[in-house]
Amino acid sequence: MHKYNGKLVELPRKGKALVITDIHGNLTDFKRFMHIWDEFENEDNHLILTGDFIHAMGLENDRSVEILEYVKFLCENFSNIHVLLGNHEWSTISQKLLFKAGVNQTFNFDSILMDKFGEARYRDKMKEYVQFFKKLPIAVRTDNKIFISHAGPPTNVKSLDDIRNITYAGFNSENSRLFQILWNRSENFTKTQLDSFLKAVDSKLMIVGHTPVDGIELLYNKLLIVSSSYGKGKKAYVELDLEKDIKESKDLLKMVRYLE
Ligand SMILES: [Mn+2]
């Protein structure tokens, strides 16, 4: 099947992987993706959610808890489902306050938990979720050399071991490798830094979410940014062939799909 190597999931040259990014509390889109996965599922195939499945980016109809409960169930019951940590789940661990569009998302998640579970169960539920988030892997590397993470690349990674051990320094924002792989956007690295990261992790191309785009955006011909739900228009995902040789971005672009 696959190797769990610290915080890195290593996928063999077999089957396909669905790569889905940034659900952000959107239960309607989540269900549509789960339907696609149901059709796609077999013992060689994998589902990869690249983090930020919680926290709706506006206040209306935030279904983060339902999605989180389901994602947790999937993780605990299927070894071919890989859920990566995003900066929003990380903020729940680190208790760093996240302000988006003037809304304190951490506080909003707290209040949803409070509404749903009540004063009595709220603390236990929060603890349970934090434990779950801490166990999530941070990245996937496929045998055909695609590196997948929530955001990034970080500018201070020297080897795959730096990814495997990335949470040794803790979950606070002083752990700069972890912080950067969860938060970095195009303005935080140069083409040279992207190239040296890919070399360090022995990968050809990289797939991330995090930055809202119109379906997809290709950066420096090496980094594919995908928005599957929360984005700027089209909703894209990747049906990644784990067996094919992927030499350049155009090979990867052929594997992009869109929600109808
Ligand atoms: Mn994000």
# chains A, B, ... in the order shown; residues from 1 in each chain; ligands from 1

call {"tool": "closest_atom_pairs", "arguments": {"of": "chain A", "to": "ligand 1", "cutoff": "12 Å", "atoms": "only C-alpha atoms and all ligand atoms", "output": "CSV"}}
result
residue,atom,partner,partner_atom_place_in_ligand_line,distance
A:Thr21,CA,ligand 1,1 (Mn),9.1
A:Asp22,CA,ligand 1,1 (Mn),6.9
A:Ile23,CA,ligand 1,1 (Mn),10.0
A:His24,CA,ligand 1,1 (Mn),8.9
A:Thr50,CA,ligand 1,1 (Mn),9.1
A:Gly51,CA,ligand 1,1 (Mn),7.2
A:Asp52,CA,ligand 1,1 (Mn),5.5
A:Phe53,CA,ligand 1,1 (Mn),9.1
A:Ile54,CA,ligand 1,1 (Mn),10.0
A:His55,CA,ligand 1,1 (Mn),10.0
A:Ala56,CA,ligand 1,1 (Mn),11.5
A:Met57,CA,ligand 1,1 (Mn),10.8
A:Leu84,CA,ligand 1,1 (Mn),11.2
A:Leu85,CA,ligand 1,1 (Mn),9.3
A:Gly86,CA,ligand 1,1 (Mn),5.6
A:Asn87,CA,ligand 1,1 (Mn),5.0
A:His88,CA,ligand 1,1 (Mn),6.2
A:Glu89,CA,ligand 1,1 (Mn),9.0
A:Trp90,CA,ligand 1,1 (Mn),9.7
A:Ser91,CA,ligand 1,1 (Mn),10.3
A:Leu98,CA,ligand 1,1 (Mn),10.9
A:Lys100,CA,ligand 1,1 (Mn),11.0
A:Ser149,CA,ligand 1,1 (Mn),10.4
A:His150,CA,ligand 1,1 (Mn),6.6
A:Ala151,CA,ligand 1,1 (Mn),6.9
A:Gly152,CA,ligand 1,1 (Mn),10.2
A:Phe179,CA,ligand 1,1 (Mn),11.2
A:Gln180,CA,ligand 1,1 (Mn),11.1
A:Ile181,CA,ligand 1,1 (Mn),10.0
A:Leu182,CA,ligand 1,1 (Mn),6.8
A:Trp183,CA,ligand 1,1 (Mn),6.5
A:Asn184,CA,ligand 1,1 (Mn),9.1
A:Arg185,CA,ligand 1,1 (Mn),9.5
A:Val208,CA,ligand 1,1 (Mn),9.5
A:Gly209,CA,ligand 1,1 (Mn),6.9
A:His210,CA,ligand 1,1 (Mn),3.7
A:Thr211,CA,ligand 1,1 (Mn),6.8
A:Pro212,CA,ligand 1,1 (Mn),8.8
A:Ile225,CA,ligand 1,1 (Mn),11.5
A:Val226,CA,ligand 1,1 (Mn),11.5
A:Ser227,CA,ligand 1,1 (Mn),10.5
A:Tyr230,CA,ligand 1,1 (Mn),9.9
A:Gly231,CA,ligand 1,1 (Mn),11.0

call {"tool": "residues_around", "arguments": {"residues": "range 120-136 of chain A", "least_positions_apart": "2", "cutoff": "8 Å", "atoms": "only C-alpha atoms", "output": "list in words"}}
result
Lys7, Lys72, Val83, Leu84, Leu85, Glu89, Trp90, Thr92, Ile93, Leu113, Met114, Phe117, Gly118 and Ile138 of chain A

call {"tool": "closest_residue", "arguments": {"among": "A:Ser229, A:Asp202, A:Asn188, A:Ile146", "to": "Asp161 in chain A", "atoms": "only C-alpha atoms"}}
result
A:Asp202

call {"tool": "select_by_dssp", "arguments": {"residues": "range 23-254 of chain A", "states": "helix (DSSP H, G or I)", "output": "PyMOL selection string"}}
result
chain A and resi 27-40+64-77+87-94+105-135+160-164+176-183+186-188+191-200+249-253

call {"tool": "select_by_dssp", "arguments": {"residues": "range 23-257 of chain A", "states": "strand (DSSP E or B)", "output": "PyMOL selection string"}}
result
chain A and resi 46-49+81-83+99-100+103-104+139-142+146-149+205-208+216-219+223-226+236-241+256-257

call {"tool": "write_last_selection", "arguments": {"atoms": "C-alpha atoms", "output": "tab-separated table (two decimals), in the first residue's frame"}}
result
chain	number	residue	atom	x	y	z
A	46	HIS	CA	-6.02	7.08	-3.01
A	47	LEU	CA	-7.89	10.13	-1.81
A	48	ILE	CA	-5.82	13.12	-0.75
A	49	LEU	CA	-7.40	16.13	0.95
A	81	ILE	CA	-7.36	8.20	2.48
A	82	HIS	CA	-4.76	10.82	3.35
A	83	VAL	CA	-5.75	14.07	4.94
A	99	PHE	CA	-8.54	36.74	11.19
A	100	LYS	CA	-10.05	36.46	7.74
A	103	VAL	CA	-13.93	37.51	11.13
A	104	ASN	CA	-12.11	35.68	13.86
A	139	ALA	CA	2.82	16.11	2.73
A	140	VAL	CA	2.58	13.37	0.12
A	141	ARG	CA	5.33	12.36	-2.27
A	142	THR	CA	4.49	10.03	-5.11
A	146	ILE	CA	4.94	14.78	-7.39
A	147	PHE	CA	5.07	16.58	-4.06
A	148	ILE	CA	1.72	17.58	-2.51
A	149	SER	CA	1.17	19.84	0.49
A	205	LEU	CA	6.41	19.19	-9.70
A	206	MET	CA	4.34	20.31	-6.77
A	207	ILE	CA	0.60	20.57	-6.09
A	208	VAL	CA	-0.81	22.89	-3.42
A	216	ILE	CA	-6.01	26.21	-11.21
A	217	GLU	CA	-2.95	28.38	-11.64
A	218	LEU	CA	0.47	27.22	-12.76
A	219	LEU	CA	3.42	29.03	-11.23
A	223	LEU	CA	3.85	24.55	-9.02
A	224	LEU	CA	0.18	23.79	-9.64
A	225	ILE	CA	-2.19	25.71	-7.36
A	226	VAL	CA	-5.63	24.10	-7.20
A	236	ALA	CA	-10.83	22.01	-9.88
A	237	TYR	CA	-9.23	18.82	-8.61
A	238	VAL	CA	-6.54	16.49	-9.88
A	239	GLU	CA	-6.96	12.89	-10.92
A	240	LEU	CA	-3.29	12.08	-10.48
A	241	ASP	CA	-2.02	9.03	-12.33
A	256	VAL	CA	-6.88	18.36	-13.94
A	257	ARG	CA	-10.64	17.90	-13.70

call {"tool": "closest_residue", "arguments": {"among": "A:Asn175, A:Glu243, A:Met34, A:Val157", "to": "Lys14 in chain A", "atoms": "only C-alpha atoms"}}
result
A:Glu243

call {"tool": "atom_distance", "arguments": {"atom1": "CA of Ile67 in chain A", "atom2": "CA of Phe30 in chain A"}}
result
7.5 Å

call {"tool": "closest_residue", "arguments": {"among": "A:Pro153, A:Glu119, A:Asn61, A:Leu8", "to": "Phe189 in chain A", "atoms": "only C-alpha atoms"}}
result
A:Pro153

call {"tool": "atom_distance", "arguments": {"atom1": "CA of Ile36 in chain A", "atom2": "CA of Val19 in chain A"}}
result
11.4 Å

call {"tool": "atom_distance", "arguments": {"atom1": "CA of Gly25 in chain A", "atom2": "CA of Glu260 in chain A"}}
result
19.4 Å

call {"tool": "residues_around", "arguments": {"residues": "Leu194 in chain A", "least_positions_apart": "2", "cutoff": "9 Å", "atoms": "only C-alpha atoms", "output": "compact mmCIF listing (two decimals) with N, CA and C atoms, in the first residue's frame"}}
result
# COMPACT_ATOMS: atom_id res chain seq x y z
N GLY A 152 3.14 26.32 0.43
CA GLY A 152 4.58 26.21 0.26
C GLY A 152 4.98 26.55 -1.16
N PRO A 153 6.24 26.30 -1.51
CA PRO A 153 7.20 25.55 -0.73
C PRO A 153 7.83 26.36 0.41
N PRO A 154 8.29 25.65 1.46
CA PRO A 154 9.12 26.30 2.47
C PRO A 154 10.50 26.54 1.88
N THR A 155 11.19 27.55 2.38
CA THR A 155 12.48 27.92 1.78
C THR A 155 13.67 27.32 2.53
N PHE A 189 8.28 33.11 -1.87
CA PHE A 189 9.44 32.37 -2.38
C PHE A 189 9.71 32.79 -3.82
N THR A 190 10.94 32.52 -4.26
CA THR A 190 11.32 32.83 -5.64
C THR A 190 11.32 31.55 -6.46
N LYS A 191 11.49 31.70 -7.77
CA LYS A 191 11.58 30.53 -8.64
C LYS A 191 12.78 29.67 -8.23
N THR A 192 13.87 30.32 -7.90
CA THR A 192 15.08 29.59 -7.48
C THR A 192 14.80 28.79 -6.21
N SER A 196 15.01 24.77 -5.80
CA SER A 196 15.87 24.06 -4.85
C SER A 196 15.06 23.23 -3.86
N PHE A 197 13.84 23.66 -3.55
CA PHE A 197 12.97 22.81 -2.72
C PHE A 197 12.67 21.50 -3.44
N LEU A 198 12.25 21.60 -4.70
CA LEU A 198 11.90 20.39 -5.46
C LEU A 198 13.09 19.44 -5.56
N LYS A 199 14.27 20.01 -5.72
CA LYS A 199 15.48 19.19 -5.78
C LYS A 199 15.71 18.50 -4.43
N TYR A 220 5.58 29.29 -12.30
CA TYR A 220 6.95 28.92 -12.71
C TYR A 220 6.99 27.56 -13.42
N LYS A 222 6.06 24.85 -12.55
CA LYS A 222 6.44 23.74 -11.66
C LYS A 222 5.44 23.54 -10.51
N LEU A 223 4.72 24.61 -10.18
CA LEU A 223 3.85 24.55 -9.02
C LEU A 223 2.40 24.75 -9.46

call {"tool": "decode", "arguments": {"residues": "range 58-86 of chain A", "atoms": "N, CA and C atoms", "output": "compact mmCIF listing (two decimals), in the first residue's frame"}}
result
# COMPACT_ATOMS: atom_id res chain seq x y z
N GLY A 58 -16.93 32.77 5.24
CA GLY A 58 -17.93 33.77 5.61
C GLY A 58 -18.71 33.13 6.73
N LEU A 59 -19.61 33.83 7.34
CA LEU A 59 -20.28 33.23 8.50
C LEU A 59 -21.40 32.25 8.15
N GLU A 60 -21.94 32.38 6.93
CA GLU A 60 -23.14 31.60 6.59
C GLU A 60 -22.89 30.12 6.36
N ASN A 61 -23.72 29.32 6.94
CA ASN A 61 -23.74 27.88 6.68
C ASN A 61 -22.36 27.22 6.76
N ASP A 62 -21.69 27.46 7.85
CA ASP A 62 -20.39 26.82 8.07
C ASP A 62 -20.63 25.40 8.58
N ARG A 63 -20.32 24.41 7.74
CA ARG A 63 -20.57 23.01 8.10
C ARG A 63 -19.28 22.29 8.48
N SER A 64 -18.34 23.05 9.02
CA SER A 64 -17.02 22.52 9.37
C SER A 64 -17.09 21.27 10.25
N VAL A 65 -17.99 21.28 11.24
CA VAL A 65 -18.01 20.16 12.19
C VAL A 65 -18.48 18.87 11.53
N GLU A 66 -19.53 18.96 10.71
CA GLU A 66 -20.00 17.76 10.00
C GLU A 66 -18.90 17.19 9.11
N ILE A 67 -18.23 18.08 8.38
CA ILE A 67 -17.15 17.64 7.49
C ILE A 67 -16.02 17.03 8.30
N LEU A 68 -15.65 17.72 9.38
CA LEU A 68 -14.57 17.23 10.23
C LEU A 68 -14.88 15.84 10.80
N GLU A 69 -16.09 15.64 11.29
CA GLU A 69 -16.47 14.33 11.83
C GLU A 69 -16.35 13.25 10.75
N TYR A 70 -16.77 13.58 9.53
CA TYR A 70 -16.73 12.60 8.45
C TYR A 70 -15.30 12.33 8.00
N VAL A 71 -14.51 13.39 7.90
CA VAL A 71 -13.10 13.24 7.51
C VAL A 71 -12.35 12.39 8.54
N LYS A 72 -12.65 12.62 9.80
CA LYS A 72 -12.02 11.86 10.88
C LYS A 72 -12.39 10.38 10.78
N PHE A 73 -13.65 10.13 10.52
CA PHE A 73 -14.11 8.75 10.33
C PHE A 73 -13.37 8.10 9.16
N LEU A 74 -13.25 8.82 8.05
CA LEU A 74 -12.57 8.27 6.86
C LEU A 74 -11.11 7.94 7.18
N CYS A 75 -10.44 8.87 7.86
CA CYS A 75 -9.02 8.67 8.21
C CYS A 75 -8.84 7.46 9.11
N GLU A 76 -9.76 7.28 10.03
CA GLU A 76 -9.62 6.21 11.01
C GLU A 76 -9.99 4.84 10.43
N ASN A 77 -10.67 4.83 9.28
CA ASN A 77 -11.15 3.57 8.74
C ASN A 77 -10.58 3.14 7.39
N PHE A 78 -9.93 4.06 6.69
CA PHE A 78 -9.40 3.70 5.37
C PHE A 78 -7.94 4.14 5.24
N SER A 79 -7.08 3.16 4.93
CA SER A 79 -5.66 3.49 4.85
C SER A 79 -5.29 4.16 3.52
N ASN A 80 -6.22 4.21 2.58
CA ASN A 80 -5.91 4.88 1.31
C ASN A 80 -6.50 6.30 1.25
N ILE A 81 -6.90 6.81 2.41
CA ILE A 81 -7.36 8.20 2.48
C ILE A 81 -6.36 8.99 3.32
N HIS A 82 -5.83 10.05 2.71
CA HIS A 82 -4.76 10.82 3.35
C HIS A 82 -5.21 12.27 3.48
N VAL A 83 -5.30 12.72 4.70
CA VAL A 83 -5.75 14.07 4.94
C VAL A 83 -4.57 14.86 5.49
N LEU A 84 -4.20 15.91 4.79
CA LEU A 84 -3.05 16.71 5.20
C LEU A 84 -3.50 17.87 6.08
N LEU A 85 -2.58 18.33 6.90
CA LEU A 85 -2.85 19.48 7.76
C LEU A 85 -2.83 20.76 6.92
N GLY A 86 -3.82 21.63 7.14
CA GLY A 86 -3.81 22.97 6.53
C GLY A 86 -3.58 24.01 7.61
